Every structure is written in C-alpha cells, then in structure tokens.
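> Below you'll find target.cif; it's mmCIF, C-alpha atoms and all ligand atoms.
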data_query
loop_
_atom_site.label_atom_id
_atom_site.label_comp_id
_atom_site.auth_asym_id
_atom_site.auth_seq_id
_atom_site.Cartn_x
_atom_site.Cartn_y
_atom_site.Cartn_z
CA MET A 214 -41.61 -46.09 42.44
CA LYS A 215 -40.12 -43.52 44.77
CA PHE A 216 -36.70 -44.13 43.24
CA ASN A 217 -38.03 -43.61 39.71
CA LEU A 218 -39.70 -40.37 40.70
CA ASN A 219 -36.47 -39.03 42.18
CA LEU A 220 -34.62 -39.93 39.02
CA SER A 221 -37.05 -38.10 36.79
CA MET A 222 -37.01 -35.08 39.14
CA ALA A 223 -33.23 -35.03 38.86
CA PHE A 224 -33.48 -35.21 35.09
CA ILE A 225 -35.93 -32.31 34.97
CA ALA A 226 -33.76 -30.29 37.33
CA SER A 227 -30.64 -30.83 35.24
CA ALA A 228 -32.56 -29.97 32.07
CA MET A 229 -33.62 -26.71 33.69
CA VAL A 230 -30.03 -25.98 34.65
CA ALA A 231 -29.01 -26.56 31.05
CA VAL A 232 -31.73 -24.25 29.76
CA SER A 233 -30.84 -21.51 32.19
CA ALA A 234 -27.12 -21.90 31.45
CA CYS A 235 -27.95 -21.49 27.80
CA GLY A 236 -30.02 -18.41 28.45
CA GLY A 237 -27.26 -17.07 30.65
CA SER A 238 -24.58 -17.43 28.03
CA GLY A 239 -26.83 -15.83 25.45
CA SER A 240 -27.33 -12.75 27.52
CA SER A 241 -23.64 -12.51 28.40
CA ASP A 242 -22.83 -12.63 24.66
CA SER A 243 -24.93 -9.64 23.93
CA ALA A 244 -23.56 -7.89 26.99
CA SER A 245 -19.96 -8.46 25.83
CA SER A 246 -20.65 -7.20 22.32
CA GLU A 247 -22.18 -4.07 23.81
CA SER A 248 -19.23 -3.50 26.09
CA THR A 249 -16.59 -4.00 23.35
CA PRO A 250 -15.98 -0.54 21.90
CA ALA A 251 -15.10 -0.12 18.23
CA PRO A 252 -11.29 0.07 17.85
CA PRO A 253 -10.13 3.68 17.75
CA PRO A 254 -9.06 4.93 14.31
CA ALA A 255 -5.36 4.42 13.59
CA PRO A 256 -3.40 7.54 14.43
CA VAL A 257 -2.40 9.55 11.39
CA GLU A 258 1.40 9.57 11.53
CA GLU A 259 2.37 11.24 8.29
CA ILE A 260 0.43 12.18 5.23
CA SER A 261 1.11 9.96 2.24
CA LEU A 262 3.09 11.23 -0.72
CA GLU A 263 -0.03 10.89 -2.80
CA GLU A 264 -1.91 13.15 -0.40
CA LYS A 265 0.98 15.60 -0.30
CA TYR A 266 1.41 16.01 -4.07
CA LYS A 267 -1.98 15.12 -5.52
CA ASP A 268 -2.69 18.67 -6.69
CA ASP A 269 0.70 19.21 -8.30
CA PRO A 270 0.49 19.22 -12.13
CA ILE A 271 3.69 17.14 -12.33
CA PHE A 272 2.06 14.54 -10.10
CA ILE A 273 -1.17 14.54 -12.09
CA LYS A 274 0.64 14.20 -15.43
CA GLY A 275 3.05 11.58 -14.12
CA SER A 276 0.27 9.46 -12.58
CA GLU A 277 -1.51 9.47 -15.90
CA LEU A 278 1.62 8.30 -17.74
CA MET A 279 2.34 5.68 -15.07
CA GLY A 280 -1.13 4.30 -15.65
CA GLN A 281 -0.49 4.00 -19.38
CA ASN A 282 2.80 2.17 -18.87
CA ASP A 283 4.00 -0.89 -16.97
CA CYS A 284 5.76 1.08 -14.21
CA PRO A 285 3.23 0.22 -11.45
CA SER A 286 3.93 -3.50 -11.85
CA CYS A 287 7.44 -2.93 -10.46
CA HIS A 288 7.30 0.37 -8.58
CA MET A 289 5.18 1.81 -5.79
CA LEU A 290 5.30 5.30 -4.37
CA GLU A 291 6.52 4.45 -0.89
CA ARG A 292 7.31 0.74 -0.89
CA LYS A 293 10.02 -1.23 -2.67
CA ILE A 294 8.63 -4.10 -4.71
CA VAL A 295 10.63 -5.27 -7.75
CA GLY A 296 12.16 -1.86 -8.25
CA PRO A 297 12.96 0.86 -5.69
CA SER A 298 10.10 3.00 -4.40
CA TYR A 299 9.82 6.37 -6.11
CA ALA A 300 10.38 7.98 -2.72
CA ASP A 301 13.75 6.19 -2.46
CA VAL A 302 14.72 7.34 -5.96
CA ALA A 303 13.63 10.90 -5.13
CA ALA A 304 15.72 10.82 -1.96
CA LYS A 305 18.80 9.72 -3.91
CA TYR A 306 18.78 12.36 -6.66
CA GLU A 307 18.39 16.13 -6.59
CA SER A 308 15.53 17.31 -8.75
CA THR A 309 17.67 18.95 -11.45
CA ASP A 310 17.35 19.04 -15.24
CA GLU A 311 20.46 16.86 -15.47
CA ASN A 312 18.98 14.17 -13.26
CA VAL A 313 15.65 14.30 -15.08
CA GLU A 314 17.55 13.58 -18.29
CA LEU A 315 19.67 10.90 -16.67
CA LEU A 316 16.67 9.03 -15.25
CA ALA A 317 14.56 9.51 -18.37
CA GLY A 318 17.41 7.99 -20.39
CA ARG A 319 17.62 5.03 -18.00
CA VAL A 320 13.90 4.40 -18.13
CA ILE A 321 14.04 4.33 -21.94
CA ALA A 322 17.27 2.31 -22.19
CA GLY A 323 16.74 0.12 -19.10
CA SER A 324 19.18 -0.04 -16.22
CA VAL A 325 20.78 -2.36 -13.73
CA GLY A 326 23.28 -2.13 -10.91
CA THR A 327 22.25 1.14 -9.28
CA TRP A 328 19.78 -0.46 -6.86
CA GLY A 329 20.74 -4.09 -7.08
CA GLU A 330 20.99 -7.04 -9.39
CA ILE A 331 17.43 -6.89 -10.76
CA PRO A 332 17.40 -5.06 -14.10
CA MET A 333 14.77 -2.59 -15.24
CA PRO A 334 13.78 -3.51 -18.78
CA ALA A 335 14.12 -0.93 -21.55
CA HIS A 336 11.08 1.10 -22.63
CA PRO A 337 11.96 1.79 -26.28
CA THR A 338 8.46 2.93 -27.25
CA LEU A 339 8.39 5.65 -24.59
CA SER A 340 8.94 9.13 -26.03
CA GLU A 341 11.69 11.25 -24.53
CA GLU A 342 9.10 13.79 -23.46
CA ASP A 343 7.00 11.23 -21.59
CA ALA A 344 10.09 9.71 -20.04
CA LYS A 345 11.10 13.15 -18.73
CA ASP A 346 7.63 13.75 -17.32
CA LEU A 347 7.90 10.38 -15.58
CA ALA A 348 11.35 11.24 -14.21
CA LYS A 349 10.07 14.62 -12.96
CA PHE A 350 7.19 12.83 -11.28
CA VAL A 351 9.57 10.41 -9.56
CA LEU A 352 11.90 13.20 -8.39
CA LEU A 353 8.96 15.23 -7.10
CA LEU A 354 8.13 12.55 -4.55
CA LYS A 355 10.37 13.74 -1.75
CA LYS A 356 9.04 13.16 1.74
C1 LIG A 401 10.00 -5.19 -14.69
C2 LIG A 401 10.11 -4.26 -13.58
C3 LIG A 401 10.19 -2.77 -13.86
C4 LIG A 401 9.37 -1.99 -14.65
C5 LIG A 401 8.20 -2.45 -15.50
C6 LIG A 401 9.82 -0.63 -14.48
N1 LIG A 401 10.88 -0.59 -13.62
FE1 LIG A 401 11.87 1.08 -13.05
N2 LIG A 401 13.23 -0.08 -12.09
C7 LIG A 401 13.14 -1.45 -11.93
C8 LIG A 401 14.34 -1.93 -11.25
C9 LIG A 401 14.63 -3.37 -10.86
C10 LIG A 401 15.14 -0.78 -11.00
C11 LIG A 401 16.53 -0.73 -10.37
C12 LIG A 401 17.54 -0.82 -11.51
C13 LIG A 401 18.97 -0.67 -11.06
O1 LIG A 401 19.33 -1.17 -9.99
O2 LIG A 401 19.74 -0.03 -11.81
C14 LIG A 401 14.39 0.36 -11.53
C15 LIG A 401 14.84 1.66 -11.45
C16 LIG A 401 14.08 2.77 -11.82
C17 LIG A 401 14.48 4.14 -11.61
C18 LIG A 401 15.77 4.60 -10.93
C19 LIG A 401 16.89 4.51 -11.94
C20 LIG A 401 18.23 4.88 -11.35
O3 LIG A 401 19.17 4.85 -12.11
O4 LIG A 401 18.35 5.16 -10.14
C21 LIG A 401 13.47 4.92 -12.11
C22 LIG A 401 13.41 6.45 -12.14
C23 LIG A 401 12.47 4.03 -12.64
N3 LIG A 401 12.87 2.73 -12.44
C24 LIG A 401 11.31 4.43 -13.23
C25 LIG A 401 10.46 3.58 -13.94
C26 LIG A 401 9.37 4.04 -14.78
C27 LIG A 401 9.00 5.49 -14.97
C28 LIG A 401 8.80 2.93 -15.32
C29 LIG A 401 7.65 2.84 -16.33
C30 LIG A 401 7.90 3.48 -17.61
C31 LIG A 401 9.52 1.77 -14.79
N4 LIG A 401 10.52 2.22 -13.97
C32 LIG A 401 9.22 0.46 -15.07
C33 LIG A 401 12.13 -2.26 -12.36
C34 LIG A 401 11.14 -1.86 -13.23
#
Can you dump the structure from the file as structure tokens?

Amino acid sequence: MKFNLNLSMAFIASAMVAVSACGGSGSSDSASSESTPAPPPAPVEEISLEEKYKDDPIFIKGSELMGQNDCPSCHMLERKIVGPSYADVAAKYESTDENVELLAGRVIAGSVGTWGEIPMPAHPTLSEEDAKDLAKFVLLLKK
C-alpha cells in the first residue's frame, strides 16, 4: 500500500514536471520571437537601370516595344539569360547613329557569333523604325 502510494506520487510529480516544462518552452518561444528583430533592409548599392532611365522618352518607348515583341524572353536589362543583357550590349557599343542602324539591322535580320554560339532569330515583321527605337533603348542603358 505504501509502495503503491509512492509510485502514484512519483507519477503525479513527473506529470507536473512535464506540464511545467511545456509551459516553460511556450513562454520561451514567445520570448525568442520578441527578441528576434526584423532583418534590416538590404543596403541599396546602386540604383537599377530601370530606376535610372524610367523617365527618359527613349526608355518609355523602348519598353513599350519590348513588351509587344519577344525580346524579353531572351533578354533582361541587367542579367544575361539566352541573349546578352542590354547593359552589356550598351557597354560594348557607343550610342551613335551608325550603331543604332547596325543593331537595328541585326535585330531584324537575326545575328550570331558576336556574343556566342546561340543565334538571335530574325524579326522580319519588325519595322525599321521600331527596330531603331529598340536599338536606341538598348544603347541608352549604360550604367
Ligand atoms: C530567342 C532569343 C532571342 C530573342 C527573342 C531576341 N534576342 Fe536579341 N539576342 C539573342 C542572342 C542569343 C544574341 C547574341 C547573338 C550573337 O552572339 O550574335 C542577341 C543579341 C542581341 C543584340 C546585340 C546584337 C549585337 O550584334 O551585338 C541586340 C541589340 C538584341 N539582341 C536585341 C533584341 C531585341 C530588341 C529583341 C526583340 C525584338 C531581341 N533581341 C530578341 C537572343 C534573342
């Protein structure tokens, strides 16, 4: 009888320990979420090309034409995907009338070998005027 009583006392005691441990961990959870500060905002290193040129009429016109064509599936402003980034193209060529014509011609006719083995398909339905606006847009995007 005495033995049984001790056993049940031990059981109750351990149950109480479990309950208090549970309560303890609950309160430490809320304490840790309070003491974890929100991560500081990432430092702004450079403004993006989009931010830099967004008010330029050449940028506005070019973005509109880009959106009507397939260019964004292979080109991004600042990152190479299938084709070179526009920023890389802008860094390679001076923004001159000659280069606008050269690049407009390549966009219409297609090109390969300047940036690598992947060809850019021809864009035969693009008007010369639109192709030049696109080329001006690309050459505008200097960092
Ligand atoms: C299917 C993918 C693809 C599409 C769509 C595409 N391009 Fe390209 N573009 C490329 C590749 C690949 C190159 C690199 C070609 C090379 O090495 O000669 C390139 C090169 C260029 C160049 C640089 C040409 C040079 O001679 O340096 C310009 C400018 C350009 N693209 C603009 C455009 C514009 C504007 C459009 C939309 C009308 C467009 N691209 C659509 C893949 C693409």
> Any residue with an atom at most 6 Å from ligand LIG 401 (chain A) counts, using all atoms listed in the file. Which are they? Put them as a PyMOL selection string.
chain A and resi 282-284+286-287+295-297+302+316+320+324-329+331-334+347-348
> Please produce a file of those selected residues containing C-alpha atoms, as a PDB file, in the frame of the given file.

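Writing the result to out.pdb gives the following:
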ATOM      1  CA  ASN A 282       2.800   2.170 -18.870  1.00  0.00           C
ATOM      2  CA  ASP A 283       4.000  -0.890 -16.970  1.00  0.00           C
ATOM      3  CA  CYS A 284       5.760   1.080 -14.210  1.00  0.00           C
ATOM      4  CA  SER A 286       3.930  -3.500 -11.850  1.00  0.00           C
ATOM      5  CA  CYS A 287       7.440  -2.930 -10.460  1.00  0.00           C
ATOM      6  CA  VAL A 295      10.630  -5.270  -7.750  1.00  0.00           C
ATOM      7  CA  GLY A 296      12.160  -1.860  -8.250  1.00  0.00           C
ATOM      8  CA  PRO A 297      12.960   0.860  -5.690  1.00  0.00           C
ATOM      9  CA  VAL A 302      14.720   7.340  -5.960  1.00  0.00           C
ATOM     10  CA  LEU A 316      16.670   9.030 -15.250  1.00  0.00           C
ATOM     11  CA  VAL A 320      13.900   4.400 -18.130  1.00  0.00           C
ATOM     12  CA  SER A 324      19.180  -0.040 -16.220  1.00  0.00           C
ATOM     13  CA  VAL A 325      20.780  -2.360 -13.730  1.00  0.00           C
ATOM     14  CA  GLY A 326      23.280  -2.130 -10.910  1.00  0.00           C
ATOM     15  CA  THR A 327      22.250   1.140  -9.280  1.00  0.00           C
ATOM     16  CA  TRP A 328      19.780  -0.460  -6.860  1.00  0.00           C
ATOM     17  CA  GLY A 329      20.740  -4.090  -7.080  1.00  0.00           C
ATOM     18  CA  ILE A 331      17.430  -6.890 -10.760  1.00  0.00           C
ATOM     19  CA  PRO A 332      17.400  -5.060 -14.100  1.00  0.00           C
ATOM     20  CA  MET A 333      14.770  -2.590 -15.240  1.00  0.00           C
ATOM     21  CA  PRO A 334      13.780  -3.510 -18.780  1.00  0.00           C
ATOM     22  CA  LEU A 347       7.900  10.380 -15.580  1.00  0.00           C
ATOM     23  CA  ALA A 348      11.350  11.240 -14.210  1.00  0.00           C
TER      24      ALA A 348
END
> Could you tell me how far atom CA of Pro270 of chain A lies from atom CA of Arg292 of chain A, in Å and to one decimal?
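Atom CA of Arg292 of chain A lies at a distance of 22.7 Å from atom CA of Pro270 of chain A.
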> Do a neighbour search on Val313 of chain A at 9 Å with all atoms listed in the file, toss out local chain neighbours closer than 4 positions, and write the hits as a list in words.
Ser308, Thr309, Ala317, Gly318, Ala344, Lys345, Asp346, Leu347, Ala348, Lys349 and Leu352 of chain A
> For each of A:Leu290, A:Pro252, A:Ile321, A:Asp301, take the minimum atom-to-atom distance to Phe272 of chain A, counting all atoms listed in the file, then give the residue where this is smallest.
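Of A:Leu290, A:Pro252, A:Ile321, A:Asp301, the one nearest Phe272 of chain A, counting all atoms listed in the file, is A:Leu290.
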> Report, in Å to a single decimal, how far apart atom CA of Ala335 of chain A and atom CA of Ala322 of chain A are.
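Atom CA of Ala335 of chain A lies at a distance of 4.6 Å from atom CA of Ala322 of chain A.
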